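The file final.pdb comes next; it holds PDB, C-alpha atoms and all ligand atoms.
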```pdb
ATOM      1  CA  MET N1359      10.227  23.446  -4.932
ATOM      2  CA  SER N1360       8.320  20.635  -3.193
ATOM      3  CA  LYS N1361      10.135  18.735  -0.460
ATOM      4  CA  THR N1362      11.372  15.283  -1.502
ATOM      5  CA  ILE N1363       9.316  12.245  -0.432
ATOM      6  CA  ARG N1364      11.759  10.091   1.512
ATOM      7  CA  LYS N1365       9.590   8.080   3.878
ATOM      8  CA  ALA N1366       6.607   5.790   3.453
ATOM      9  CA  VAL N1367       4.110   4.456   5.983
ATOM     10  CA  LEU N1368       2.873   0.926   5.331
ATOM     11  CA  PRO N1369      -0.080   0.023   7.549
ATOM     12  CA  VAL N1370       0.012  -3.748   8.073
ATOM     13  CA  ALA N1371      -1.939  -4.276  11.268
ATOM     14  CA  GLY N1372      -5.186  -5.424   9.614
ATOM     15  CA  LEU N1373      -6.540  -8.872  10.471
ATOM     16  CA  GLY N1374      -7.222 -10.000   6.927
ATOM     17  CA  THR N1375     -10.738 -11.225   7.660
ATOM     18  CA  ARG N1376     -11.498 -11.550   3.945
ATOM     19  CA  VAL N1377      -8.684 -14.067   3.493
ATOM     20  CA  LEU N1378      -9.260 -16.197   6.573
ATOM     21  CA  PRO N1379      -8.543 -18.863   7.662
ATOM     22  CA  GLY N1380      -5.279 -18.609   5.691
ATOM     23  CA  ALA N1381      -4.418 -15.308   7.334
ATOM     24  CA  LYS N1382      -4.991 -16.638  10.864
ATOM     25  CA  THR N1383      -1.352 -17.372  11.635
ATOM     26  CA  VAL N1384       0.337 -15.913   8.555
ATOM     27  CA  ALA N1385       0.065 -12.137   8.207
ATOM     28  CA  LYS N1386      -2.041 -11.495   5.101
ATOM     29  CA  GLU N1387       0.788  -9.310   3.776
ATOM     30  CA  LEU N1388       2.941 -12.450   3.698
ATOM     31  CA  LEU N1389       0.572 -14.400   1.472
ATOM     32  CA  ASN N1390       2.274 -15.114  -1.830
ATOM     33  CA  VAL N1391       1.507 -13.582  -5.171
ATOM     34  CA  VAL N1392       3.308 -16.061  -7.450
ATOM     35  CA  ASP N1393       6.478 -16.526  -5.396
ATOM     36  CA  ARG N1394       6.847 -13.318  -3.380
ATOM     37  CA  PRO N1395       4.747 -12.064  -0.491
ATOM     38  CA  ILE N1396       2.369  -9.158  -1.037
ATOM     39  CA  ILE N1397       4.545  -6.909   1.123
ATOM     40  CA  SER N1398       7.537  -7.450  -1.147
ATOM     41  CA  TYR N1399       5.665  -5.853  -4.078
ATOM     42  CA  ALA N1400       4.843  -2.803  -1.945
ATOM     43  CA  VAL N1401       8.446  -2.341  -0.817
ATOM     44  CA  ALA N1402       9.779  -2.722  -4.375
ATOM     45  CA  GLU N1403       7.246  -0.155  -5.586
ATOM     46  CA  ALA N1404       8.232   2.274  -2.835
ATOM     47  CA  ARG N1405      11.941   1.858  -3.602
ATOM     48  CA  ALA N1406      11.281   2.578  -7.273
ATOM     49  CA  ALA N1407       9.709   5.866  -6.177
ATOM     50  CA  GLY N1408      12.825   6.877  -4.218
ATOM     51  CA  ILE N1409      11.631   5.931  -0.727
ATOM     52  CA  GLU N1410      14.539   5.603   1.706
ATOM     53  CA  HIS N1411      12.753   4.716   4.920
ATOM     54  CA  PHE N1412       9.864   2.330   5.462
ATOM     55  CA  VAL N1413       7.636   2.663   8.501
ATOM     56  CA  PHE N1414       5.529  -0.444   9.070
ATOM     57  CA  VAL N1415       2.605  -0.064  11.416
ATOM     58  CA  THR N1416       2.070  -3.607  12.637
ATOM     59  CA  GLY N1417      -0.078  -5.310  15.242
ATOM     60  CA  ARG N1418      -0.103  -8.413  17.404
ATOM     61  CA  GLY N1419       0.618 -11.637  15.556
ATOM     62  CA  LYS N1420       2.548  -9.921  12.763
ATOM     63  CA  GLN N1421       6.087 -10.729  13.933
ATOM     64  CA  ALA N1422       6.797 -12.840  10.860
ATOM     65  CA  LEU N1423       6.602  -9.671   8.768
ATOM     66  CA  GLU N1424       9.548  -8.237  10.640
ATOM     67  CA  ASP N1425      11.434 -11.517  10.263
ATOM     68  CA  TYR N1426      10.870 -11.452   6.504
ATOM     69  CA  PHE N1427      13.098  -8.376   6.356
ATOM     70  CA  ASP N1428      15.923  -9.949   8.374
ATOM     71  CA  HIS N1429      18.500 -12.646   7.695
ATOM     72  CA  HIS N1430      17.371 -16.259   7.953
ATOM     73  CA  VAL N1431      20.784 -17.504   8.983
ATOM     74  CA  GLU N1432      20.130 -21.234   8.756
ATOM     75  CA  MET N1433      18.350 -21.062   5.407
ATOM     76  CA  GLU N1434      21.024 -18.846   3.916
ATOM     77  CA  ALA N1435      23.757 -21.233   5.108
ATOM     78  CA  GLN N1436      21.943 -24.210   3.606
ATOM     79  CA  LEU N1437      21.380 -22.547   0.248
ATOM     80  CA  LYS N1438      25.049 -21.583   0.181
ATOM     81  CA  ALA N1439      26.170 -25.110   1.087
ATOM     82  CA  LYS N1440      23.974 -26.559  -1.662
ATOM     83  CA  GLY N1441      25.294 -24.105  -4.242
ATOM     84  CA  LYS N1442      21.855 -22.539  -4.788
ATOM     85  CA  THR N1443      23.401 -19.137  -5.314
ATOM     86  CA  GLU N1444      20.663 -17.633  -7.468
ATOM     87  CA  LEU N1445      18.017 -18.380  -4.867
ATOM     88  CA  LEU N1446      20.314 -17.108  -2.126
ATOM     89  CA  GLU N1447      20.845 -13.863  -3.985
ATOM     90  CA  GLU N1448      17.117 -13.481  -4.475
ATOM     91  CA  LEU N1449      16.612 -13.928  -0.749
ATOM     92  CA  LEU N1450      19.340 -11.445   0.140
ATOM     93  CA  GLY N1451      17.930  -8.995  -2.408
ATOM     94  CA  GLU N1452      14.779  -8.673  -0.281
ATOM     95  CA  LEU N1453      16.714  -7.373   2.719
ATOM     96  CA  PRO N1454      16.753  -3.705   3.656
ATOM     97  CA  ARG N1455      19.889  -1.701   4.240
ATOM     98  CA  PRO N1456      20.576  -1.477   7.980
ATOM     99  CA  GLY N1457      18.324   1.084   9.649
ATOM    100  CA  GLU N1458      16.065   1.525   6.641
ATOM    101  CA  MET N1459      12.945   0.070   8.263
ATOM    102  CA  SER N1460      11.020   0.940  11.413
ATOM    103  CA  PHE N1461       8.314  -1.185  12.976
ATOM    104  CA  ILE N1462       5.670   0.420  15.157
ATOM    105  CA  ARG N1463       2.873  -1.357  16.995
ATOM    106  CA  GLN N1464      -0.665  -0.166  16.613
ATOM    107  CA  MET N1465      -1.884  -1.576  19.913
ATOM    108  CA  GLN N1466      -5.596  -1.408  19.125
ATOM    109  CA  PRO N1467      -7.316  -1.760  15.745
ATOM    110  CA  LEU N1468      -8.800   1.735  15.750
ATOM    111  CA  GLY N1469      -8.685   2.353  12.012
ATOM    112  CA  LEU N1470      -6.426   3.423   9.160
ATOM    113  CA  GLY N1471      -6.271   7.036  10.360
ATOM    114  CA  HIS N1472      -5.052   5.887  13.760
ATOM    115  CA  ALA N1473      -2.480   3.549  12.155
ATOM    116  CA  VAL N1474      -0.997   6.396  10.115
ATOM    117  CA  TRP N1475      -0.983   8.652  13.191
ATOM    118  CA  CYS N1476       1.051   5.999  15.050
ATOM    119  CA  ALA N1477       3.911   6.725  12.602
ATOM    120  CA  ARG N1478       4.056  10.473  13.354
ATOM    121  CA  ASP N1479       7.304  10.524  15.367
ATOM    122  CA  VAL N1480       9.244   8.546  12.779
ATOM    123  CA  ILE N1481       7.929  10.671   9.902
ATOM    124  CA  GLY N1482       8.478  14.024  11.634
ATOM    125  CA  ASP N1483       7.871  17.309   9.858
ATOM    126  CA  GLU N1484       8.087  16.306   6.199
ATOM    127  CA  PRO N1485       5.718  15.124   3.476
ATOM    128  CA  PHE N1486       5.469  11.357   3.213
ATOM    129  CA  ALA N1487       3.848   8.519   1.297
ATOM    130  CA  VAL N1488       1.266   6.012   2.493
ATOM    131  CA  ILE N1489       1.060   2.640   0.777
ATOM    132  CA  LEU N1490      -1.736   0.170   1.499
ATOM    133  CA  PRO N1491       0.111  -3.041   0.625
ATOM    134  CA  ASP N1492      -3.037  -5.138   0.029
ATOM    135  CA  MET N1493      -3.582  -3.168  -3.144
ATOM    136  CA  VAL N1494      -0.949  -4.658  -5.446
ATOM    137  CA  MET N1495      -0.504  -2.285  -8.358
ATOM    138  CA  ASP N1496       0.984  -3.518 -11.578
ATOM    139  CA  ALA N1497       2.172  -0.665 -13.765
ATOM    140  CA  SER N1498       5.009  -0.003 -16.184
ATOM    141  CA  VAL N1499       5.883   3.124 -14.174
ATOM    142  CA  PRO N1500       5.257   2.013 -10.576
ATOM    143  CA  ALA N1501       2.135   3.630  -9.093
ATOM    144  CA  LEU N1502       3.912   5.496  -6.287
ATOM    145  CA  ALA N1503       6.489   6.823  -8.753
ATOM    146  CA  GLN N1504       3.586   8.198 -10.824
ATOM    147  CA  ALA N1505       2.268   9.879  -7.667
ATOM    148  CA  VAL N1506       5.681  11.352  -6.814
ATOM    149  CA  GLU N1507       6.010  12.703 -10.346
ATOM    150  CA  ALA N1508       2.589  14.354 -10.014
ATOM    151  CA  TYR N1509       3.562  15.741  -6.598
ATOM    152  CA  ASP N1510       6.725  17.245  -8.080
ATOM    153  CA  GLN N1511       4.452  19.152 -10.474
ATOM    154  CA  VAL N1512       1.690  20.327  -8.140
ATOM    155  CA  GLY N1513       2.969  19.909  -4.542
ATOM    156  CA  GLY N1514       0.492  19.662  -1.663
ATOM    157  CA  ASN N1515      -1.246  16.308  -1.252
ATOM    158  CA  VAL N1516      -1.700  13.748  -4.022
ATOM    159  CA  ILE N1517      -4.106  10.805  -3.876
ATOM    160  CA  VAL N1518      -3.951   7.971  -6.396
ATOM    161  CA  VAL N1519      -7.416   7.059  -7.668
ATOM    162  CA  GLU N1520      -9.018   4.726 -10.173
ATOM    163  CA  PRO N1521     -12.510   4.094 -11.520
ATOM    164  CA  VAL N1522     -14.695   1.207 -10.313
ATOM    165  CA  PRO N1523     -18.261   0.234 -11.269
ATOM    166  CA  GLU N1524     -20.936   2.290  -9.429
ATOM    167  CA  SER N1525     -22.036  -0.826  -7.572
ATOM    168  CA  GLU N1526     -18.622  -1.042  -5.815
ATOM    169  CA  THR N1527     -18.234   2.538  -4.590
ATOM    170  CA  HIS N1528     -19.678   1.888  -1.105
ATOM    171  CA  LYS N1529     -16.630  -0.271  -0.258
ATOM    172  CA  TYR N1530     -14.036   2.495  -0.659
ATOM    173  CA  GLY N1531     -13.057   6.099  -0.093
ATOM    174  CA  ILE N1532     -14.466   8.119  -3.007
ATOM    175  CA  VAL N1533     -13.167  11.437  -4.295
ATOM    176  CA  ALA N1534     -15.068  14.448  -5.646
ATOM    177  CA  LEU N1535     -13.326  16.449  -8.359
ATOM    178  CA  GLY N1536     -13.587  19.881  -9.945
ATOM    179  CA  GLY N1537     -14.726  20.312 -13.529
ATOM    180  CA  GLU N1538     -11.338  19.863 -15.203
ATOM    181  CA  SER N1539     -10.410  16.872 -17.320
ATOM    182  CA  GLY N1540      -7.150  14.911 -17.389
ATOM    183  CA  ARG N1541      -5.437  12.379 -15.162
ATOM    184  CA  LEU N1542      -4.280  14.881 -12.515
ATOM    185  CA  ARG N1543      -7.145  16.975 -11.197
ATOM    186  CA  PRO N1544      -7.807  19.205  -8.171
ATOM    187  CA  MET N1545     -10.000  17.530  -5.577
ATOM    188  CA  THR N1546     -12.985  19.210  -3.988
ATOM    189  CA  GLY N1547     -14.045  16.521  -1.538
ATOM    190  CA  MET N1548     -13.794  12.946  -0.369
ATOM    191  CA  VAL N1549     -16.075  10.558   1.482
ATOM    192  CA  GLU N1550     -15.317   7.217   3.152
ATOM    193  CA  LYS N1551     -17.624   4.350   2.214
ATOM    194  CA  PRO N1552     -20.591   6.380   0.940
ATOM    195  CA  ALA N1553     -24.029   4.792   1.177
ATOM    196  CA  LYS N1554     -25.152   3.213  -2.088
ATOM    197  CA  GLY N1555     -26.307   5.797  -4.602
ATOM    198  CA  THR N1556     -24.618   8.746  -2.834
ATOM    199  CA  ALA N1557     -21.010   8.549  -4.114
ATOM    200  CA  PRO N1558     -19.758  11.833  -5.607
ATOM    201  CA  SER N1559     -17.924   9.938  -8.396
ATOM    202  CA  ASN N1560     -16.824   6.423  -9.307
ATOM    203  CA  LEU N1561     -13.166   7.169  -8.491
ATOM    204  CA  ILE N1562     -11.866   5.284  -5.477
ATOM    205  CA  VAL N1563      -8.934   6.090  -3.229
ATOM    206  CA  SER N1564      -6.663   3.294  -4.412
ATOM    207  CA  GLY N1565      -4.164   3.007  -1.594
ATOM    208  CA  ARG N1566      -1.274   5.335  -2.523
ATOM    209  CA  TYR N1567      -1.121   8.757  -0.925
ATOM    210  CA  ILE N1568       1.337  11.632  -0.640
ATOM    211  CA  LEU N1569       0.485  13.667   2.406
ATOM    212  CA  GLN N1570       1.763  16.727   4.204
ATOM    213  CA  PRO N1571       2.731  16.295   7.881
ATOM    214  CA  GLU N1572      -0.082  18.635   9.028
ATOM    215  CA  ILE N1573      -2.338  15.578   8.688
ATOM    216  CA  PHE N1574      -0.974  14.264  12.007
ATOM    217  CA  ASP N1575      -2.476  17.063  14.132
ATOM    218  CA  LEU N1576      -5.847  16.431  12.534
ATOM    219  CA  LEU N1577      -5.567  12.673  13.060
ATOM    220  CA  ALA N1578      -4.729  13.231  16.732
ATOM    221  CA  SER N1579      -8.213  14.564  17.399
ATOM    222  CA  GLN N1580     -10.112  12.750  14.661
ATOM    223  CA  GLU N1581     -13.434  11.367  15.845
ATOM    224  CA  THR N1582     -14.553   7.971  14.581
ATOM    225  CA  GLY N1583     -16.281   7.740  11.216
ATOM    226  CA  ALA N1584     -17.373   4.959   8.855
ATOM    227  CA  GLY N1585     -17.379   1.540  10.527
ATOM    228  CA  GLY N1586     -16.727   3.148  13.932
ATOM    229  CA  GLU N1587     -13.045   3.627  12.943
ATOM    230  CA  ILE N1588     -10.722   6.615  12.875
ATOM    231  CA  GLN N1589     -10.635   7.252   9.153
ATOM    232  CA  LEU N1590      -7.717   8.798   7.272
ATOM    233  CA  THR N1591     -10.252  10.065   4.737
ATOM    234  CA  ASP N1592     -12.030  12.221   7.343
ATOM    235  CA  SER N1593      -8.808  13.995   8.364
ATOM    236  CA  MET N1594      -7.880  14.496   4.714
ATOM    237  CA  VAL N1595     -11.224  16.245   4.175
ATOM    238  CA  LYS N1596     -10.357  18.617   7.037
ATOM    239  CA  LEU N1597      -6.871  19.270   5.639
ATOM    240  CA  MET N1598      -8.442  20.025   2.257
ATOM    241  CA  ALA N1599      -9.829  23.246   3.727
ATOM    242  CA  ARG N1600      -6.246  24.486   4.172
ATOM    243  CA  GLN N1601      -4.119  22.703   1.566
ATOM    244  CA  ASP N1602      -4.315  21.588  -2.053
ATOM    245  CA  PHE N1603      -5.291  18.019  -2.840
ATOM    246  CA  HIS N1604      -4.974  16.493  -6.291
ATOM    247  CA  ALA N1605      -6.312  13.158  -7.495
ATOM    248  CA  LEU N1606      -4.105  11.235  -9.875
ATOM    249  CA  GLU N1607      -5.766   8.599 -12.023
ATOM    250  CA  TYR N1608      -2.797   6.294 -12.360
ATOM    251  CA  GLU N1609      -1.968   4.078 -15.326
ATOM    252  CA  GLY N1610      -1.857   0.419 -14.353
ATOM    253  CA  THR N1611      -3.914  -2.422 -12.908
ATOM    254  CA  THR N1612      -4.834  -2.866  -9.245
ATOM    255  CA  TYR N1613      -5.369  -6.208  -7.520
ATOM    256  CA  ASP N1614      -7.038  -6.087  -4.115
ATOM    257  CA  CYS N1615      -5.101  -8.892  -2.466
ATOM    258  CA  GLY N1616      -6.959  -8.527   0.814
ATOM    259  CA  ASP N1617      -9.770 -10.328  -0.992
ATOM    260  CA  LYS N1618      -9.920 -13.961  -2.163
ATOM    261  CA  ILE N1619     -10.720 -13.231  -5.802
ATOM    262  CA  GLY N1620      -8.377 -10.253  -5.956
ATOM    263  CA  LEU N1621      -5.546 -12.424  -4.650
ATOM    264  CA  LEU N1622      -6.382 -15.109  -7.181
ATOM    265  CA  ARG N1623      -6.472 -12.562 -10.030
ATOM    266  CA  ALA N1624      -3.094 -11.171  -8.974
ATOM    267  CA  ASN N1625      -1.555 -14.633  -8.935
ATOM    268  CA  VAL N1626      -2.906 -15.483 -12.365
ATOM    269  CA  ALA N1627      -2.130 -12.135 -13.999
ATOM    270  CA  LEU N1628       1.370 -11.768 -12.613
ATOM    271  CA  ALA N1629       2.304 -15.416 -13.294
ATOM    272  CA  LEU N1630       1.161 -14.982 -16.922
ATOM    273  CA  LYS N1631       3.413 -11.921 -17.248
ATOM    274  CA  ARG N1632       6.524 -13.612 -15.876
ATOM    275  CA  PRO N1633       9.067 -14.485 -18.579
ATOM    276  CA  ASP N1634      10.127 -17.622 -16.686
ATOM    277  CA  LEU N1635       6.628 -18.861 -15.809
ATOM    278  CA  GLY N1636       4.188 -17.324 -18.288
ATOM    279  CA  ALA N1637       3.982 -20.193 -20.784
ATOM    280  CA  ALA N1638       3.589 -22.883 -18.113
ATOM    281  CA  ALA N1639       1.036 -20.779 -16.233
ATOM    282  CA  ARG N1640      -1.025 -20.286 -19.390
ATOM    283  CA  GLU N1641      -1.009 -23.987 -20.119
ATOM    284  CA  ALA N1642      -2.020 -24.857 -16.569
ATOM    285  CA  ILE N1643      -4.847 -22.297 -16.522
ATOM    286  CA  LEU N1644      -6.232 -23.264 -19.931
ATOM    287  CA  ALA N1645      -6.298 -26.915 -18.897
ATOM    288  CA  LEU N1646      -8.717 -25.983 -16.111
ATOM    289  CA  LEU N1647     -11.248 -24.219 -18.335
TER     290      LEU N1647
HETATM  291  C1  LIG V   1      -9.086   1.876   2.987
HETATM  292  C2  LIG V   1      -9.376   3.369   2.871
HETATM  293  C3  LIG V   1     -10.250   3.648   1.651
HETATM  294  C4  LIG V   1      -9.601   3.086   0.411
HETATM  295  C5  LIG V   1      -9.287   1.582   0.608
HETATM  296  C6  LIG V   1      -8.509   1.020  -0.560
HETATM  297  O1  LIG V   1     -10.284   1.204   3.308
HETATM  298  O2  LIG V   1      -9.999   3.822   4.060
HETATM  299  O3  LIG V   1     -10.449   5.032   1.509
HETATM  300  O4  LIG V   1     -10.429   3.271  -0.716
HETATM  301  O5  LIG V   1      -8.530   1.370   1.798
HETATM  302  O6  LIG V   1      -8.343  -0.355  -0.374
HETATM  303  P1  LIG V   1     -10.310  -0.305   3.898
HETATM  304  O7  LIG V   1     -10.004  -1.199   2.725
HETATM  305  O8  LIG V   1      -9.268  -0.356   4.953
HETATM  306  O9  LIG V   1     -11.693  -0.504   4.413
END
```

How would this structure read if it were set down as structure tokens?
Ligand code: G1P
Amino acid sequence: MSKTIRKAVLPVAGLGTRVLPGAKTVAKELLNVVDRPIISYAVAEARAAGIEHFVFVTGRGKQALEDYFDHHVEMEAQLKAKGKTELLEELLGELPRPGEMSFIRQMQPLGLGHAVWCARDVIGDEPFAVILPDMVMDASVPALAQAVEAYDQVGGNVIVVEPVPESETHKYGIVALGGESGRLRPMTGMVEKPAKGTAPSNLIVSGRYILQPEIFDLLASQETGAGGEIQLTDSMVKLMARQDFHALEYEGTTYDCGDKIGLLRANVALALKRPDLGAAAREAILALL
């Protein structure tokens, strides 16, 4: 039987250059989608997949992220005094259980592979999840839960993927698959940000991974790759020589909230879906067209 996935790494050290200047003093993961920060969606998704410990890999200027997952004593007292109990409960509902979150500093922006490697001591010798919080995934069964279900079937390493137009493949990690059909397929290769016209498929690495701990040794000596960064993709390719990798085409919709239009789409789509806001959101949007 496969070992249970208990821990997730959430890399949050990125500068958010595509959503500047807004992300200059507010961590991009704290930008709102409707009325909750991006990071809140990632944590809720991880919880729904059974994650018990969250390892945030942060960087300089990201302290507010840590504060988001702590009490705001004055605000809580004021809400209580004003009888705003529903809001207070919503606020308290965002808090972790004591000891459930770790925060690690990535001291230099050396790449996603390096960020994940920074979490090695907290993860230890067990399989774990990686969630890239910028990619907000809206799905009736949360994306990471779909990945965990697939992992329970096939073990090894599972990478969530989704199709994009050919013209977009150079922006992502792209997977190569064997001949089989279906949503869960064995992987034969992977390449980070392939040059235009060279991608092995149109399936991108979406930002949800289940990885075996052997990845850490490979990351430790990983040379730089695309963009001069230490790429997680490159170490995964090495691990593929020794362990099984499956790609899971998940069912749901992804919003790349590290991007202006992606963030806008997420706000519109998720507001329209909200029972309490949907009708008003629709009216407001239609009035603009
Ligand atoms: C990272 C990964 C890439 C993946 C992407 C999804 O790239 O390296 O494989 O497809 O996230 O957003 P980044 O967006 O950090 O350049």

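CA of Val1480 (chain N) is found 12.6 Å from CA of Glu1410 (chain N).
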
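Minimum atom-to-atom distances from N:Ala1402, N:Val1499, N:Ala1439, N:Ile1562 to ligand LIG 1 (chain V) were compared using all atoms listed in the file, and the lowest value belongs to N:Ile1562.
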
For Met1495 (chain N): contacts at 10 Å, all atoms listed in the file, fewer than 4 positions along chain excluded, given as a PyMOL selection string = chain N and resi 1399-1400+1403+1491+1500-1502+1564-1566+1608-1615+1624

For chain N against ligand LIG 1 (chain V), with a cut-off of 10 Å and counting all atoms listed in the file, what is the closest atom pair and its distance in Å to one decimal for every residue that makes the cut, ordered by chain and number, as a tab-separated table?
```
residue	atom	partner	partner_atom	distance
N:Pro1369	CA	V:LIG1	O8	9.6
N:Gly1372	CA	V:LIG1	O8	8.0
N:Gly1469	CA	V:LIG1	O8	7.6
N:Leu1470	CA	V:LIG1	O2	6.2
N:Gly1471	CA	V:LIG1	O2	8.0
N:Ile1489	CA	V:LIG1	O5	9.7
N:Leu1490	CA	V:LIG1	O6	6.9
N:Pro1491	CA	V:LIG1	O6	8.9
N:Asp1492	CA	V:LIG1	O6	7.2
N:Met1493	CA	V:LIG1	O6	6.2
N:Val1494	CA	V:LIG1	O6	9.9
N:Val1518	CA	V:LIG1	O4	9.8
N:Val1519	CA	V:LIG1	O4	8.5
N:Glu1520	CA	V:LIG1	O4	9.7
N:Thr1527	CA	V:LIG1	O4	8.7
N:His1528	CA	V:LIG1	O4	9.4
N:Lys1529	CA	V:LIG1	O9	6.8
N:Tyr1530	CA	V:LIG1	O4	3.7
N:Gly1531	CA	V:LIG1	O3	3.2
N:Ile1532	CA	V:LIG1	O4	6.7
N:Val1533	CA	V:LIG1	O3	9.1
N:Met1548	CA	V:LIG1	O3	8.8
N:Val1549	CA	V:LIG1	O3	7.9
N:Glu1550	CA	V:LIG1	O3	5.6
N:Lys1551	CA	V:LIG1	O3	7.2
N:Leu1561	CA	V:LIG1	O4	9.1
N:Ile1562	CA	V:LIG1	O4	5.4
N:Val1563	CA	V:LIG1	O4	4.1
N:Ser1564	CA	V:LIG1	C6	4.8
N:Gly1565	CA	V:LIG1	C6	4.9
N:Arg1566	CA	V:LIG1	C6	8.6
N:Ala1584	CA	V:LIG1	O2	8.9
N:Gly1585	CA	V:LIG1	O9	8.6
N:Glu1587	CA	V:LIG1	O2	9.4
N:Ile1588	CA	V:LIG1	O2	9.3
N:Gln1589	CA	V:LIG1	O2	6.2
N:Leu1590	CA	V:LIG1	O2	6.3
N:Thr1591	CA	V:LIG1	O3	6.0
N:Asp1592	CA	V:LIG1	O2	9.2
N:Thr1612	CA	V:LIG1	O6	9.9
N:Tyr1613	CA	V:LIG1	O6	9.7
N:Asp1614	CA	V:LIG1	O6	7.0
N:Cys1615	CA	V:LIG1	O6	9.4
N:Gly1616	CA	V:LIG1	O7	8.2
N:Asp1617	CA	V:LIG1	O7	9.9
```

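Among the candidates N:Gln1504, N:Ser1525, N:Asn1515, N:Thr1582, the one nearest to His1604 (chain N) when counting all atoms listed in the file is N:Asn1515.
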
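Note on the selection: in this file the PyMOL selection byres (((chain N and resi 1392) around 6) and not hetatm) comes out as Asn1390, Val1391, Asp1393, Asn1625 and Ala1629 of chain N.
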
Can you tell me, as a PyMOL selection string, what residues are no more than 10 Å from Asp1479 (chain N) when counting all atoms listed in the file, ignoring any on the same chain fewer than 4 positions away?
chain N and resi 1475+1483+1574

Box along x, y and z, 6 Å on every side, all listed atoms of region 1397-1415 of chain N inside: centre and edge lengths in Å to one decimal, as AutoDock Vina command-line options.
```
--center_x 8.6 --center_y -0.3 --center_z 2.1 --size_x 23.9 --size_y 26.3 --size_z 30.7
```

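Put simply, CA of Ser1360 (chain N) is 10.6 Å away from CA of Gln1570 (chain N).
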
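Put simply, the PyMOL selection byres (((chain N and resi 1511) around 12) and not hetatm) in this file takes in N:Met1359, N:Ser1360, N:Lys1361, N:Thr1362, N:Gln1504, N:Ala1505, N:Val1506, N:Glu1507, N:Ala1508, N:Tyr1509, N:Asp1510, N:Val1512, N:Gly1513, N:Gly1514, N:Asn1515, N:Val1516, N:Leu1542, N:Arg1543, N:His1604, N:Leu1606.
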
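Computed from the coordinates, the CA of Val1488 (chain N) to CA of Phe1412 (chain N) distance equals 9.8 Å.
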
Among N:Arg1364, N:Arg1463, N:Arg1541, N:Lys1420, Lys1386 (chain N) is approached most closely, using only C-alpha atoms, by N:Lys1420

- Message: List as a ChimeraX atom specification the protein and nucleic acid residues near Asn1560 (chain N), meaning an atom at most 6 Å away when all atoms listed in the file are counted, but skip any in the same chain fewer than 4 places from it.
- Response: /N:1521-1522,1524

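Taken over the shown file, the PyMOL selection byres (((chain N and resi 1414) around 10) and not hetatm) identifies Ala1366, Val1367, Leu1368, Pro1369, Val1370, Ala1371, His1411, Phe1412, Val1413, Val1415, Thr1416, Gly1417, Leu1423, Glu1424, Met1459, Ser1460, Phe1461, Ile1462, Arg1463, Gln1464, Ala1473, Val1474, Cys1476, Ala1477 and Ile1489 of chain N.
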